[in-house]
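Listing of input.tsv, TSV, C-alpha atoms
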```tsv
chain	number	residue	atom	x	y	z
A	16	MET	CA	1.08	-12.03	-27.49
A	17	THR	CA	-1.15	-13.55	-24.80
A	18	ARG	CA	0.12	-13.30	-21.23
A	19	PRO	CA	0.87	-16.77	-19.77
A	20	ARG	CA	-1.63	-17.66	-17.01
A	21	PHE	CA	1.09	-18.83	-14.64
A	22	LEU	CA	2.67	-15.36	-14.52
A	23	PRO	CA	1.71	-13.14	-11.54
A	24	ASP	CA	0.09	-9.74	-12.13
A	25	ASN	CA	2.25	-6.73	-13.05
A	26	LEU	CA	2.18	-5.22	-9.55
A	27	THR	CA	3.38	-8.48	-8.01
A	28	LEU	CA	6.24	-8.70	-10.54
A	29	MET	CA	7.22	-5.11	-9.74
A	30	LEU	CA	7.04	-5.84	-6.00
A	31	LEU	CA	9.29	-8.85	-6.47
A	32	THR	CA	11.76	-6.69	-8.41
A	33	VAL	CA	11.71	-4.03	-5.67
A	34	VAL	CA	12.28	-6.61	-2.91
A	35	ILE	CA	15.23	-8.11	-4.82
A	36	THR	CA	16.66	-4.63	-5.44
A	37	ALA	CA	16.30	-3.71	-1.76
A	38	SER	CA	17.93	-7.03	-0.77
A	39	PHE	CA	21.06	-6.30	-2.81
A	40	LEU	CA	21.01	-2.48	-2.98
A	41	PRO	CA	19.29	-1.19	0.17
A	42	CYS	CA	19.15	2.58	0.64
A	43	THR	CA	21.14	3.92	3.58
A	44	GLY	CA	22.18	7.20	5.18
A	45	LYS	CA	20.94	10.47	3.69
A	46	VAL	CA	19.37	8.64	0.75
A	47	ALA	CA	17.22	6.62	3.17
A	48	VAL	CA	16.18	9.80	4.99
A	49	GLY	CA	15.21	11.44	1.69
A	50	PHE	CA	13.18	8.41	0.62
A	51	ASP	CA	11.49	8.35	4.01
A	52	TRP	CA	10.26	11.94	3.59
A	53	LEU	CA	9.16	11.13	0.04
A	54	THR	CA	7.07	8.19	1.30
A	55	VAL	CA	5.34	10.50	3.81
A	56	PHE	CA	4.38	12.81	0.94
A	57	MET	CA	3.24	9.94	-1.33
A	58	ILE	CA	1.12	8.37	1.40
A	59	GLY	CA	-0.57	11.72	2.07
A	60	LEU	CA	-1.19	12.20	-1.66
A	61	LEU	CA	-2.57	8.65	-1.95
A	62	PHE	CA	-5.15	9.14	0.82
A	63	PHE	CA	-6.05	12.60	-0.47
A	64	MET	CA	-6.82	11.16	-3.90
A	65	HIS	CA	-8.78	8.26	-2.40
A	66	GLY	CA	-10.85	10.76	-0.45
A	67	ALA	CA	-11.44	12.82	-3.57
A	68	LYS	CA	-12.40	9.72	-5.59
A	69	LEU	CA	-14.82	8.11	-3.15
A	70	SER	CA	-18.36	9.10	-4.05
A	71	ARG	CA	-20.61	9.62	-1.04
A	72	GLN	CA	-23.60	8.92	-3.28
A	73	ALA	CA	-22.27	5.43	-4.10
A	74	VAL	CA	-21.96	4.59	-0.41
A	75	VAL	CA	-25.43	5.96	0.40
A	76	ALA	CA	-26.92	4.04	-2.55
A	77	GLY	CA	-25.70	0.77	-1.09
A	78	VAL	CA	-27.34	1.21	2.32
A	79	ALA	CA	-30.51	-0.53	1.08
A	80	HIS	CA	-28.64	-3.84	0.91
A	81	TRP	CA	-27.42	-3.45	4.47
A	82	ARG	CA	-27.43	-7.20	5.35
A	83	LEU	CA	-24.88	-7.95	2.63
A	84	HIS	CA	-22.65	-5.00	3.50
A	85	LEU	CA	-22.81	-5.78	7.22
A	86	THR	CA	-21.85	-9.40	6.50
A	87	VAL	CA	-18.82	-8.28	4.47
A	88	LEU	CA	-17.72	-5.82	7.18
A	89	LEU	CA	-18.08	-8.44	9.92
A	90	CYS	CA	-16.00	-10.93	7.90
A	91	THR	CA	-13.35	-8.30	7.24
A	92	PHE	CA	-13.04	-6.68	10.65
A	93	MET	CA	-14.28	-9.34	13.09
A	94	VAL	CA	-13.95	-12.88	11.72
A	95	PHE	CA	-10.49	-12.33	10.23
A	96	PRO	CA	-8.99	-10.81	13.41
A	97	LEU	CA	-10.57	-13.55	15.56
A	98	LEU	CA	-8.95	-16.18	13.33
A	99	GLY	CA	-5.58	-14.46	13.72
A	100	LEU	CA	-5.91	-14.41	17.51
A	101	LEU	CA	-7.31	-17.94	17.90
A	102	LEU	CA	-4.63	-19.47	15.68
A	103	LYS	CA	-1.78	-17.73	17.52
A	104	PRO	CA	-0.44	-20.86	19.34
A	105	ALA	CA	-0.22	-22.80	16.08
A	106	LEU	CA	1.17	-19.86	14.08
A	107	LEU	CA	4.02	-19.21	16.52
A	108	LEU	CA	5.23	-22.76	15.90
A	109	LEU	CA	5.97	-21.77	12.31
A	110	ILE	CA	6.93	-18.08	12.45
A	111	THR	CA	8.56	-15.47	14.70
A	112	PRO	CA	6.59	-13.01	16.89
A	113	ASP	CA	7.39	-10.16	14.45
A	114	LEU	CA	5.95	-12.13	11.53
A	115	TYR	CA	2.93	-12.96	13.69
A	116	LEU	CA	2.36	-9.20	14.08
A	117	GLY	CA	2.32	-9.12	10.28
A	118	ILE	CA	-0.41	-11.78	10.29
A	119	LEU	CA	-2.46	-9.75	12.79
A	120	PHE	CA	-1.96	-6.64	10.68
A	121	LEU	CA	-3.12	-8.54	7.60
A	122	CYS	CA	-6.23	-9.69	9.48
A	123	VAL	CA	-7.45	-6.16	10.33
A	124	LEU	CA	-6.96	-4.61	6.89
A	125	PRO	CA	-9.93	-3.57	4.69
A	126	SER	CA	-10.94	-5.42	1.55
A	127	THR	CA	-9.60	-4.62	-1.90
A	128	VAL	CA	-11.65	-2.44	-4.23
A	129	GLN	CA	-10.61	-2.93	-7.86
A	130	SER	CA	-9.92	-6.68	-7.76
A	131	SER	CA	-12.98	-7.48	-5.62
A	132	ILE	CA	-15.22	-5.73	-8.16
A	133	ALA	CA	-13.38	-7.27	-11.11
A	134	PHE	CA	-13.65	-10.83	-9.77
A	135	THR	CA	-17.33	-10.30	-8.87
A	136	SER	CA	-17.97	-9.16	-12.43
A	137	VAL	CA	-16.17	-12.16	-13.97
A	138	ALA	CA	-18.14	-14.48	-11.66
A	139	ARG	CA	-21.45	-12.79	-12.64
A	140	GLY	CA	-22.15	-11.65	-9.11
A	141	ASN	CA	-23.86	-8.55	-7.74
A	142	VAL	CA	-21.48	-5.90	-9.08
A	143	PRO	CA	-23.28	-2.78	-7.68
A	144	ALA	CA	-23.26	-4.39	-4.22
A	145	ALA	CA	-19.55	-5.23	-4.63
A	146	ILE	CA	-18.80	-1.59	-5.47
A	147	CYS	CA	-20.64	-0.40	-2.35
A	148	SER	CA	-19.22	-3.09	-0.05
A	149	ALA	CA	-15.62	-2.68	-1.17
A	150	SER	CA	-15.87	1.12	-0.96
A	151	ALA	CA	-17.48	0.93	2.49
A	152	SER	CA	-14.80	-1.50	3.68
A	153	ASN	CA	-12.04	0.89	2.66
A	154	LEU	CA	-13.82	3.90	4.16
A	155	VAL	CA	-14.36	2.09	7.47
A	156	GLY	CA	-10.83	0.68	7.34
A	157	ILE	CA	-9.25	4.13	7.25
A	158	PHE	CA	-10.67	4.73	10.74
A	159	LEU	CA	-11.02	1.21	12.18
A	160	THR	CA	-7.81	-0.51	11.03
A	161	PRO	CA	-5.45	1.91	12.83
A	162	VAL	CA	-7.53	1.57	16.02
A	163	MET	CA	-7.42	-2.23	15.86
A	164	VAL	CA	-3.70	-2.21	15.06
A	165	SER	CA	-3.03	0.07	18.03
A	166	VAL	CA	-4.93	-2.29	20.34
A	167	LEU	CA	-3.06	-5.33	19.02
A	168	ILE	CA	0.29	-3.54	19.18
A	169	VAL	CA	-0.35	-2.54	22.80
A	170	ALA	CA	-1.16	-6.16	23.56
A	171	HIS	CA	1.77	-7.69	21.68
A	172	ASN	CA	4.41	-4.95	21.43
A	173	ALA	CA	4.28	-2.70	24.46
A	174	GLN	CA	7.38	-0.71	23.47
A	175	HIS	CA	5.51	1.04	20.64
A	176	SER	CA	4.08	4.48	21.41
A	177	SER	CA	0.29	4.65	21.02
A	178	LEU	CA	0.33	8.47	21.05
A	179	ASP	CA	2.88	8.53	18.24
A	180	SER	CA	0.69	6.17	16.17
A	181	ILE	CA	-2.40	8.31	16.75
A	182	LEU	CA	-0.62	11.49	15.65
A	183	LYS	CA	0.74	9.78	12.53
A	184	ILE	CA	-2.72	8.43	11.69
A	185	ILE	CA	-4.19	11.94	11.98
A	186	TYR	CA	-1.72	13.88	9.86
A	187	GLN	CA	-0.68	11.19	7.36
A	188	LEU	CA	-4.00	9.38	6.78
A	189	LEU	CA	-7.09	11.13	8.14
A	190	LEU	CA	-6.32	14.78	7.32
A	191	PRO	CA	-5.44	14.06	3.65
A	192	PHE	CA	-8.51	11.82	3.31
A	193	VAL	CA	-10.84	14.45	4.82
A	194	ALA	CA	-9.27	17.11	2.58
A	195	GLY	CA	-9.96	14.86	-0.40
A	196	GLN	CA	-13.57	14.41	0.66
A	197	ILE	CA	-13.98	18.19	0.95
A	198	VAL	CA	-12.82	18.75	-2.64
A	199	GLN	CA	-14.58	15.61	-3.96
A	200	PRO	CA	-17.46	17.54	-5.59
A	201	TRP	CA	-14.94	19.44	-7.74
A	202	LEU	CA	-12.16	16.84	-8.21
A	203	GLY	CA	-14.13	13.55	-8.19
A	204	ALA	CA	-15.32	13.75	-11.80
A	205	TRP	CA	-11.82	14.54	-13.05
A	206	LEU	CA	-10.36	11.56	-11.17
A	207	ALA	CA	-13.11	9.31	-12.55
A	208	ARG	CA	-12.06	10.35	-16.07
A	209	ASN	CA	-8.35	9.95	-15.29
A	210	LYS	CA	-8.18	6.71	-13.32
A	211	SER	CA	-4.64	6.10	-14.52
A	212	TRP	CA	-3.44	8.96	-12.28
A	213	LEU	CA	-4.82	7.30	-9.16
A	214	ARG	CA	-3.49	3.91	-10.26
A	215	TRP	CA	-0.05	5.47	-10.77
A	216	VAL	CA	-0.12	7.05	-7.29
A	217	ASP	CA	-1.36	3.75	-5.81
A	218	GLN	CA	1.37	1.65	-7.34
A	219	SER	CA	4.15	4.21	-6.93
A	220	SER	CA	3.32	4.62	-3.23
A	221	VAL	CA	3.25	0.86	-2.67
A	222	LEU	CA	6.53	0.26	-4.51
A	223	LEU	CA	8.30	3.17	-2.77
A	224	VAL	CA	7.15	2.14	0.72
A	225	VAL	CA	8.10	-1.50	0.08
A	226	TYR	CA	11.57	-0.49	-1.13
A	227	VAL	CA	12.22	1.74	1.89
A	228	ALA	CA	10.75	-0.80	4.31
A	229	PHE	CA	12.71	-3.73	2.94
A	230	SER	CA	15.90	-1.66	2.74
A	231	GLU	CA	15.57	-0.98	6.47
A	232	ALA	CA	14.70	-4.61	7.16
A	233	VAL	CA	17.66	-5.89	5.12
A	234	ASN	CA	19.97	-3.51	6.97
A	235	GLN	CA	18.58	-5.03	10.19
A	236	GLY	CA	19.27	-8.60	8.94
A	237	LEU	CA	15.82	-9.60	7.61
A	238	TRP	CA	16.93	-12.57	5.53
A	239	HIS	CA	18.93	-13.98	8.44
A	240	GLN	CA	15.80	-13.82	10.59
A	241	VAL	CA	13.46	-15.27	7.91
A	242	PRO	CA	14.99	-18.49	6.49
A	243	PRO	CA	13.38	-20.38	3.55
A	244	GLN	CA	11.48	-22.79	5.82
A	245	MET	CA	9.83	-19.82	7.55
A	246	LEU	CA	8.77	-18.39	4.18
A	247	LEU	CA	7.19	-21.77	3.44
A	248	GLY	CA	5.43	-21.55	6.81
A	249	LEU	CA	4.05	-18.12	5.86
A	250	ILE	CA	2.71	-19.50	2.59
A	251	VAL	CA	0.98	-22.35	4.45
A	252	ILE	CA	-0.52	-19.88	6.97
A	253	SER	CA	-1.75	-17.53	4.21
A	254	ALA	CA	-3.33	-20.39	2.28
A	255	THR	CA	-4.96	-21.72	5.45
A	256	LEU	CA	-6.43	-18.32	6.40
A	257	LEU	CA	-7.78	-17.82	2.90
A	258	THR	CA	-9.30	-21.31	2.80
A	259	ILE	CA	-11.04	-20.87	6.16
A	260	ILE	CA	-12.48	-17.45	5.37
A	261	MET	CA	-13.66	-18.54	1.91
A	262	LEU	CA	-15.44	-21.58	3.35
A	263	LEU	CA	-17.06	-19.40	6.03
A	264	THR	CA	-18.22	-16.75	3.56
A	265	THR	CA	-19.49	-19.32	1.04
A	266	TYR	CA	-21.48	-21.57	3.36
A	267	GLY	CA	-22.38	-18.77	5.77
A	268	SER	CA	-23.98	-16.69	3.01
A	269	ARG	CA	-25.98	-19.72	1.87
A	270	ARG	CA	-27.23	-20.42	5.39
A	271	MET	CA	-28.27	-16.77	5.70
A	272	GLY	CA	-30.41	-17.07	2.56
A	273	PHE	CA	-28.46	-14.82	0.18
A	274	SER	CA	-28.84	-15.31	-3.57
A	275	LYS	CA	-26.00	-16.80	-5.63
A	276	GLU	CA	-25.11	-13.33	-6.92
A	277	ASP	CA	-24.94	-11.95	-3.38
A	278	GLU	CA	-22.96	-14.99	-2.22
A	279	ILE	CA	-20.34	-14.24	-4.88
A	280	THR	CA	-20.07	-10.64	-3.70
A	281	ILE	CA	-19.68	-11.72	-0.07
A	282	VAL	CA	-17.02	-14.31	-0.95
A	283	PHE	CA	-14.86	-11.92	-3.00
A	284	CYS	CA	-15.31	-8.79	-0.85
A	285	GLY	CA	-15.21	-10.58	2.51
A	286	SER	CA	-12.14	-12.75	1.91
A	287	LYS	CA	-9.68	-10.29	0.39
A	288	LYS	CA	-7.19	-7.89	1.95
A	289	SER	CA	-5.90	-4.68	0.41
A	290	LEU	CA	-2.20	-4.40	-0.37
A	291	ALA	CA	-2.71	-0.81	-1.58
A	292	SER	CA	-4.12	0.23	1.81
A	293	GLY	CA	-1.93	-2.05	3.91
A	294	VAL	CA	1.48	-0.89	2.69
A	295	PRO	CA	1.08	2.84	3.48
A	296	MET	CA	-0.74	2.07	6.75
A	297	ALA	CA	2.12	-0.19	7.85
A	298	LYS	CA	4.58	2.61	7.17
A	299	VAL	CA	2.57	4.90	9.44
A	300	LEU	CA	1.70	2.44	12.21
A	301	PHE	CA	4.88	0.41	12.75
A	302	ALA	CA	8.43	1.27	13.71
A	303	SER	CA	10.66	1.56	10.62
A	304	GLN	CA	12.85	-1.42	11.53
A	305	THR	CA	9.83	-3.77	11.66
A	306	VAL	CA	7.82	-2.59	8.61
A	307	GLY	CA	9.52	-4.97	6.16
A	308	THR	CA	8.85	-7.99	8.38
A	309	VAL	CA	5.25	-6.92	8.98
A	310	LEU	CA	4.59	-6.51	5.24
A	311	LEU	CA	5.96	-9.90	4.22
A	312	PRO	CA	2.80	-11.90	5.18
A	313	LEU	CA	0.58	-9.36	3.38
A	314	MET	CA	2.61	-9.58	0.16
A	315	LEU	CA	2.40	-13.38	0.15
A	316	PHE	CA	-1.32	-13.38	1.00
A	317	HIS	CA	-1.95	-10.84	-1.76
A	318	GLN	CA	-0.53	-13.09	-4.47
A	319	ILE	CA	-2.26	-16.22	-3.16
A	320	GLN	CA	-5.65	-14.49	-2.95
A	321	LEU	CA	-5.34	-13.23	-6.55
A	322	MET	CA	-4.51	-16.68	-7.94
A	323	VAL	CA	-7.23	-18.46	-5.98
A	324	CYS	CA	-9.89	-15.82	-6.70
A	325	ALA	CA	-9.08	-15.85	-10.43
A	326	VAL	CA	-9.77	-19.60	-10.59
A	327	LEU	CA	-12.87	-19.33	-8.40
A	328	ALA	CA	-14.31	-16.42	-10.39
A	329	GLN	CA	-14.02	-18.37	-13.64
A	330	ARG	CA	-15.69	-21.38	-11.99
A	331	TYR	CA	-18.60	-19.23	-10.76
A	332	GLY	CA	-18.84	-17.59	-14.19
A	333	ARG	CA	-19.32	-20.95	-15.95
A	334	ARG	CA	-22.53	-21.74	-14.05
A	335	PRO	CA	-25.75	-21.93	-16.11
A	336	GLN	CA	-27.36	-18.60	-16.95
A	337	THR	CA	-30.63	-17.87	-15.12
A	338	THR	CA	-33.43	-15.50	-16.05
A	339	ASP	CA	-33.88	-13.97	-12.60
A	340	ALA	CA	-31.74	-12.25	-10.02
A	341	LEU	CA	-29.11	-11.34	-12.56
A	342	PRO	CA	-26.70	-8.62	-11.40
A	343	GLU	CA	-26.64	-5.24	-13.04
A	344	HIS	CA	-23.36	-4.24	-14.64
A	345	ASP	CA	-22.09	-0.71	-14.85
```

Output the file's structure as structure tokens, nothing else.
Amino acid sequence: MTRPRFLPDNLTLMLLTVVITASFLPCTGKVAVGFDWLTVFMIGLLFFMHGAKLSRQAVVAGVAHWRLHLTVLLCTFMVFPLLGLLLKPALLLLITPDLYLGILFLCVLPSTVQSSIAFTSVARGNVPAAICSASASNLVGIFLTPVMVSVLIVAHNAQHSSLDSILKIIYQLLLPFVAGQIVQPWLGAWLARNKSWLRWVDQSSVLLVVYVAFSEAVNQGLWHQVPPQMLLGLIVISATLLTIIMLLTTYGSRRMGFSKEDEITIVFCGSKKSLASGVPMAKVLFASQTVGTVLLPLMLFHQIQLMVCAVLAQRYGRRPQTTDALPEHD
């Protein structure tokens, strides 16, 4: 039976189920403490496996197309955050300061990997460049996103401890990732053959962190603080951010002289934000009582970007076939 097009992807459906479960059956007491320790372990395992999976050869191979990769990184880590900061006066008319922190967090996250490559492939873009750009974005994001979040938190939430964030970044994110990179020559091939393991760790980590975060948020009165009209405001903000960045990446890449295939790669890699990276990072970087609120904008943006990119990829893919500058497919 064919899956109806209007249905969200499986991860989004599971996230929705987890949020509903946490809203009615939030974990508390010793159970919450146990889940909290389990999330620390799962986040460490997730970043270890990402370190073990990431091929250094793939990143080095993409250096030749440095203009494209630099454009994607600038869109991801400079243009997006600038939009979040410049739009602050308008955004605070629609949402609370805590939700605005969620918007800023969304703006400094790295790009997605799997979906960016998949959409580039459907759109007949430069798939090898998409692999390199998305991988580079996530590698840079592991180091740069926590730094940018710390700067923004200091500026907008002075009560958070920068030292505590740095220590958590080191032992929950960087050390497992570096350990994974060390064993990559021995474990990388096995992970490449068993991608379902990494996907399971990815999704399990995301779902577990979301459940714990929303349980804490519900216990703190999340749904009293975020009424339906504010959710609508978040949807409008997410759609607006995505529209602006997609217009900038599309017309900017054309003005810079990139080919159509490269333009497609820049649009899909430069406009997307990673839920898989964002959820565990939020757990590490934000106080437990604010994680649920901070993640809400990211979850909404994630679903909107998938729906919009699916339509756009099919539109790109229907363009006439050309005999030159065709992308190579793995």

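With all atoms listed in the file as the atoms that count, the minimum distance from Leu159 (chain A) to the choices A:Met93, A:Leu202, A:Ala37, A:Leu327 is reached by A:Met93.
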
Please tell me which residues are no farther than 10 Å from (-18.9, -4.6, -3.5) in the file, counting only C-alpha atoms, and write them as a PyMOL selection string. chain A and resi 77+83-84+87+126-129+131-133+135+140-152+277+279-281+283-285

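Candidate residues A:Ile319, A:Met271, A:Val282, A:Val94 were compared for distance to Phe134 (chain A), and the nearest is A:Val282, using all atoms listed in the file.
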
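Reported to one decimal place, the separation of CA of Val166 (chain A) from CA of Ala254 (chain A) is 25.6 Å.
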
Looking at only C-alpha atoms, which of A:Gln329, A:Thr264, A:Gln240, A:Ser253 is the one that sits closest to Thr111 (chain A)?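 Nearest to Thr111 (chain A): A:Gln240.
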
CA of Phe50 (chain A) sits from CA of Arg214 (chain A) at a separation of 20.4 Å

Please determine an axis-aligned box that encloses all atoms of region 133-139 of chain A listed in the file, with 3 Å added on each side, and express its centre and edge lengths in Å to one decimal as AutoDock Vina command-line options.
```
--center_x -17.4 --center_y -10.9 --center_z -11.4 --size_x 14.1 --size_y 13.2 --size_z 11.1
```

At what distance in Å, to one decimal, does CA of Ser38 (chain A) lie from CA of Leu109 (chain A)?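 For CA of Leu109 (chain A) relative to CA of Ser38 (chain A), the distance reads 23.1 Å.
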
Which residues are near Leu31 (chain A)? Cut-off 12 Å, all atoms listed in the file, ignore same chain within fewer than 2 positions. Put them as a compact mmCIF listing (two decimals) with C-alpha atoms, keeping the file's coordinate frame.
```txt
# COMPACT_ATOMS: atom_id res chain seq x y z
CA PRO A 23 1.71 -13.14 -11.54
CA ASP A 24 0.09 -9.74 -12.13
CA ASN A 25 2.25 -6.73 -13.05
CA LEU A 26 2.18 -5.22 -9.55
CA THR A 27 3.38 -8.48 -8.01
CA LEU A 28 6.24 -8.70 -10.54
CA MET A 29 7.22 -5.11 -9.74
CA VAL A 33 11.71 -4.03 -5.67
CA VAL A 34 12.28 -6.61 -2.91
CA ILE A 35 15.23 -8.11 -4.82
CA THR A 36 16.66 -4.63 -5.44
CA ALA A 37 16.30 -3.71 -1.76
CA SER A 38 17.93 -7.03 -0.77
CA LEU A 222 6.53 0.26 -4.51
CA VAL A 225 8.10 -1.50 0.08
CA TYR A 226 11.57 -0.49 -1.13
CA PHE A 229 12.71 -3.73 2.94
CA LEU A 311 5.96 -9.90 4.22
CA MET A 314 2.61 -9.58 0.16
CA LEU A 315 2.40 -13.38 0.15
CA GLN A 318 -0.53 -13.09 -4.47
```

Under the rule that only C-alpha atoms are counted, which of A:Pro335, A:Gly307, A:Gly195, A:Gly293 is the nearest residue to Leu124 (chain A)? A:Gly293

Nearest candidate to Ala325 (chain A) (options A:Ala138, A:Leu167, A:Leu313, A:Leu102; using all atoms listed in the file):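 Ranking A:Ala138, A:Leu167, A:Leu313, A:Leu102 by distance to Ala325 (chain A), first place goes to A:Ala138.
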
Since the input has fewer atoms than a full residue there, write region 205-224 of chain A out with N, CA, C and O atoms, as an mmCIF file, keeping the file's coordinate frame.
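Written output follows (rebuild_32.cif):
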```cif
data_model
loop_
_atom_site.group_PDB
_atom_site.id
_atom_site.type_symbol
_atom_site.label_atom_id
_atom_site.label_comp_id
_atom_site.auth_asym_id
_atom_site.auth_seq_id
_atom_site.Cartn_x
_atom_site.Cartn_y
_atom_site.Cartn_z
ATOM 1 N N TRP A 205 -13.090 14.566 -12.327
ATOM 2 C CA TRP A 205 -11.820 14.540 -13.050
ATOM 3 C C TRP A 205 -11.059 13.246 -12.775
ATOM 4 O O TRP A 205 -10.494 12.632 -13.694
ATOM 5 N N LEU A 206 -11.036 12.808 -11.515
ATOM 6 C CA LEU A 206 -10.360 11.560 -11.170
ATOM 7 C C LEU A 206 -11.039 10.363 -11.823
ATOM 8 O O LEU A 206 -10.378 9.409 -12.229
ATOM 9 N N ALA A 207 -12.385 10.409 -11.909
ATOM 10 C CA ALA A 207 -13.110 9.310 -12.550
ATOM 11 C C ALA A 207 -12.730 9.208 -14.029
ATOM 12 O O ALA A 207 -12.669 8.110 -14.587
ATOM 13 N N ARG A 208 -12.456 10.360 -14.659
ATOM 14 C CA ARG A 208 -12.060 10.350 -16.070
ATOM 15 C C ARG A 208 -10.594 10.030 -16.257
ATOM 16 O O ARG A 208 -10.165 9.660 -17.354
ATOM 17 N N ASN A 209 -9.808 10.170 -15.204
ATOM 18 C CA ASN A 209 -8.350 9.950 -15.290
ATOM 19 C C ASN A 209 -7.905 8.942 -14.232
ATOM 20 O O ASN A 209 -7.077 9.238 -13.367
ATOM 21 N N LYS A 210 -8.479 7.742 -14.316
ATOM 22 C CA LYS A 210 -8.180 6.710 -13.320
ATOM 23 C C LYS A 210 -6.716 6.305 -13.325
ATOM 24 O O LYS A 210 -6.198 5.828 -12.322
ATOM 25 N N SER A 211 -6.050 6.500 -14.443
ATOM 26 C CA SER A 211 -4.640 6.100 -14.520
ATOM 27 C C SER A 211 -3.780 6.904 -13.552
ATOM 28 O O SER A 211 -2.769 6.397 -13.049
ATOM 29 N N TRP A 212 -4.184 8.149 -13.251
ATOM 30 C CA TRP A 212 -3.440 8.960 -12.280
ATOM 31 C C TRP A 212 -3.473 8.314 -10.906
ATOM 32 O O TRP A 212 -2.440 8.170 -10.238
ATOM 33 N N LEU A 213 -4.673 7.918 -10.474
ATOM 34 C CA LEU A 213 -4.820 7.300 -9.160
ATOM 35 C C LEU A 213 -4.104 5.958 -9.124
ATOM 36 O O LEU A 213 -3.476 5.617 -8.127
ATOM 37 N N ARG A 214 -4.193 5.197 -10.204
ATOM 38 C CA ARG A 214 -3.490 3.910 -10.260
ATOM 39 C C ARG A 214 -1.981 4.125 -10.165
ATOM 40 O O ARG A 214 -1.280 3.369 -9.482
ATOM 41 N N TRP A 215 -1.490 5.177 -10.833
ATOM 42 C CA TRP A 215 -0.050 5.470 -10.770
ATOM 43 C C TRP A 215 0.370 5.841 -9.357
ATOM 44 O O TRP A 215 1.402 5.384 -8.872
ATOM 45 N N VAL A 216 -0.432 6.676 -8.678
ATOM 46 C CA VAL A 216 -0.120 7.050 -7.290
ATOM 47 C C VAL A 216 -0.192 5.833 -6.383
ATOM 48 O O VAL A 216 0.667 5.627 -5.526
ATOM 49 N N ASP A 217 -1.220 4.992 -6.583
ATOM 50 C CA ASP A 217 -1.360 3.750 -5.810
ATOM 51 C C ASP A 217 -0.098 2.919 -5.911
ATOM 52 O O ASP A 217 0.525 2.561 -4.903
ATOM 53 N N GLN A 218 0.259 2.576 -7.131
ATOM 54 C CA GLN A 218 1.370 1.650 -7.340
ATOM 55 C C GLN A 218 2.708 2.266 -6.965
ATOM 56 O O GLN A 218 3.560 1.602 -6.373
ATOM 57 N N SER A 219 2.892 3.541 -7.282
ATOM 58 C CA SER A 219 4.150 4.210 -6.930
ATOM 59 C C SER A 219 4.329 4.261 -5.411
ATOM 60 O O SER A 219 5.433 4.028 -4.903
ATOM 61 N N SER A 220 3.246 4.567 -4.691
ATOM 62 C CA SER A 220 3.320 4.620 -3.230
ATOM 63 C C SER A 220 3.672 3.257 -2.652
ATOM 64 O O SER A 220 4.530 3.137 -1.774
ATOM 65 N N VAL A 221 2.999 2.222 -3.154
ATOM 66 C CA VAL A 221 3.250 0.860 -2.670
ATOM 67 C C VAL A 221 4.694 0.461 -2.924
ATOM 68 O O VAL A 221 5.399 -0.030 -2.026
ATOM 69 N N LEU A 222 5.169 0.674 -4.143
ATOM 70 C CA LEU A 222 6.530 0.260 -4.510
ATOM 71 C C LEU A 222 7.573 1.042 -3.699
ATOM 72 O O LEU A 222 8.568 0.467 -3.239
ATOM 73 N N LEU A 223 7.347 2.343 -3.516
ATOM 74 C CA LEU A 223 8.300 3.170 -2.770
ATOM 75 C C LEU A 223 8.358 2.740 -1.311
ATOM 76 O O LEU A 223 9.449 2.579 -0.736
ATOM 77 N N VAL A 224 7.182 2.540 -0.687
ATOM 78 C CA VAL A 224 7.150 2.140 0.720
ATOM 79 C C VAL A 224 7.791 0.769 0.895
ATOM 80 O O VAL A 224 8.539 0.537 1.856
#
```
